[in-house]
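Worksheet: one structure, shown below.
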Amino acid sequence: MKPLWIPPPIVEQLFDHAYSEAPQEACGILGIDPDSGQVIRWIATANRAADPTRFYAIDPTALAQYLPELSDQGLQIGFYHSHPNGDPIPSVTDVSEATYPESPYLILGIKQDTRRLAAWELRYGAVTPIPLHISDLPPAPYIDESLSSRQTVAILLTGALVFSALIAIALSLLPPAPPIPT
Ligand SMILES: [Zn+2]
């Protein structure tokens, strides 16, 4: 998976936001350059969750304002929130309430003196880690090996085999042909 590239100054600013909101969860929106995967904008938003010490809900007014604005700038949308006393791992609620399957979800985990950062793809209940690249310099050129042409052929072949097997099963279930009257 393509890494999410975050320059160190932005990491610092995001953690500053997280610490300033603790013990409540901080949350906000990310603007990501789709070519390099670099986070180039971040927008702190109000947390509108009923219990902001345990959950987050990005302010709907901010969503309505910034999602079109970032899209107009050609940026990919991402989201971030903090776990003020926890791991940077999505909670059950984080997974079930994630409504943007194409967007990276960045989580800032603060536990005593340690601070950790992790990004996730939350796609219809499936949780996949996204590699992070924390640097002023771009990541090495990214080659998408997730679906090479050889694998595509293999998948197509498997599909064809399954399809023919289904036809064979369906044919074998047909009643015998009635005798042709003479
Ligand atoms: Zn969370």
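So you can find residues: chains in the structure tokens are A, B, ... in the order shown, residues in each start at 1, and ligands are numbered from 1 in order.
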
(message) Around ligand 1, out to 10 Å and counting only C-alpha atoms and all ligand atoms, which residues are there? I want them as a list in words.
(response)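 The distance check yields Glu25, Ala26, Cys27, Arg54, Phe55, Tyr56, Ala57, Tyr80, His81, Ser82, His83, Pro84, Gly86, Asp87, Pro88, Ile89, Pro90, Ser91, Val92, Thr93, Asp94, Val95, Tyr105, Leu106, Ile107, Leu108 and Gly109 of chain A.
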
Output C-alpha atoms for every residue in that selection, as a compact mmCIF listing (two decimals), in the first residue's frame.
# COMPACT_ATOMS: atom_id res chain seq x y z
CA GLU A 25 -9.91 13.24 21.82
CA ALA A 26 -8.64 15.75 19.28
CA CYS A 27 -9.77 15.35 15.68
CA ARG A 54 -13.95 8.33 24.61
CA PHE A 55 -15.08 9.09 21.06
CA TYR A 56 -14.67 11.63 18.32
CA ALA A 57 -17.07 13.13 15.79
CA TYR A 80 -6.97 12.17 12.20
CA HIS A 81 -7.91 11.81 15.82
CA SER A 82 -6.16 11.13 19.08
CA HIS A 83 -6.41 8.46 21.73
CA PRO A 84 -5.40 10.61 24.72
CA GLY A 86 -4.26 4.68 24.46
CA ASP A 87 -2.76 2.98 21.47
CA PRO A 88 -2.97 4.30 17.90
CA ILE A 89 -5.22 1.39 17.00
CA PRO A 90 -8.78 1.92 15.73
CA SER A 91 -11.49 1.15 18.28
CA VAL A 92 -14.57 -0.87 17.39
CA THR A 93 -16.46 2.42 17.09
CA ASP A 94 -13.71 3.95 14.91
CA VAL A 95 -14.13 1.04 12.49
CA TYR A 105 -7.40 7.46 9.15
CA LEU A 106 -4.46 8.66 11.20
CA ILE A 107 -4.51 7.94 14.94
CA LEU A 108 -2.25 9.61 17.50
CA GLY A 109 -1.80 7.41 20.55

(request) Enumerate, as a PyMOL selection string, the complete set of residues in range 48-149 of chain A that a backbone-based DSSP assignment places in helix (DSSP H, G or I). (result) chain A and resi 60-72+92-96+149

(request) Would you list the contacts of Ile130 in chain A as a ChimeraX atom specification, taking every protein, DNA or RNA residue within 8 Å and counting only C-alpha atoms, but skipping same-chain residues closer than 4 positions in sequence? (result) /A:1-4,104,118-121

(message) For the strand (DSSP E or B) assignment from backbone DSSP, which residues of range 52-153 of chain A qualify? Please present them as a PyMOL selection string.
(response) chain A and resi 58+76-83+104-111+114-123+126-130+132-134

(message) At a cut-off of 9 Å, using only C-alpha atoms, what residues contact Ile6 in chain A? Leave out same-chain residues fewer than 3 positions from it and give the result as a ChimeraX atom specification.
(response) /A:9-11,37-40,132-136

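Candidate residues A:Ile110, A:Ile32, A:Ala98, A:Leu14 were compared for distance to Gln73 in chain A, and the nearest is A:Ile32, using only C-alpha atoms.
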
(request) Counting only C-alpha atoms, figure out which residue out of A:Gln112, A:Ser103, A:Thr128, A:Thr45 gets nearest to Gln76 in chain A. (result)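 Residue with the minimum atom-to-atom distance to Gln76 in chain A: A:Ser103.
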
(request) For each of A:Pro141, A:Pro7, A:Gly78, A:Gly28, take the minimum atom-to-atom distance to Ile43 in chain A, counting only C-alpha atoms, then give the residue where this is smallest. (result)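 For Ile43 in chain A, the nearest of the given residues is A:Gly28.
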
Tell me which protein, DNA and RNA residues are within 9 Å of Leu67 in chain A, counting only C-alpha atoms, leaving out same-chain ones fewer than 6 positions away, and put them as a PDB file with N, CA and C atoms, in the first residue's frame.
ATOM      1  N   ILE A  29      -9.099  17.113   9.950  1.00  0.00           N
ATOM      2  CA  ILE A  29      -9.117  16.685   8.552  1.00  0.00           C
ATOM      3  C   ILE A  29      -7.722  16.870   7.962  1.00  0.00           C
ATOM      4  N   GLY A  31      -5.366  17.070   4.332  1.00  0.00           N
ATOM      5  CA  GLY A  31      -5.330  17.230   2.881  1.00  0.00           C
ATOM      6  C   GLY A  31      -4.045  16.606   2.362  1.00  0.00           C
ATOM      7  N   ILE A  77      -8.611  13.380   0.735  1.00  0.00           N
ATOM      8  CA  ILE A  77      -9.066  13.658   2.092  1.00  0.00           C
ATOM      9  C   ILE A  77      -8.579  12.567   3.041  1.00  0.00           C
TER      10      ILE A  77
END
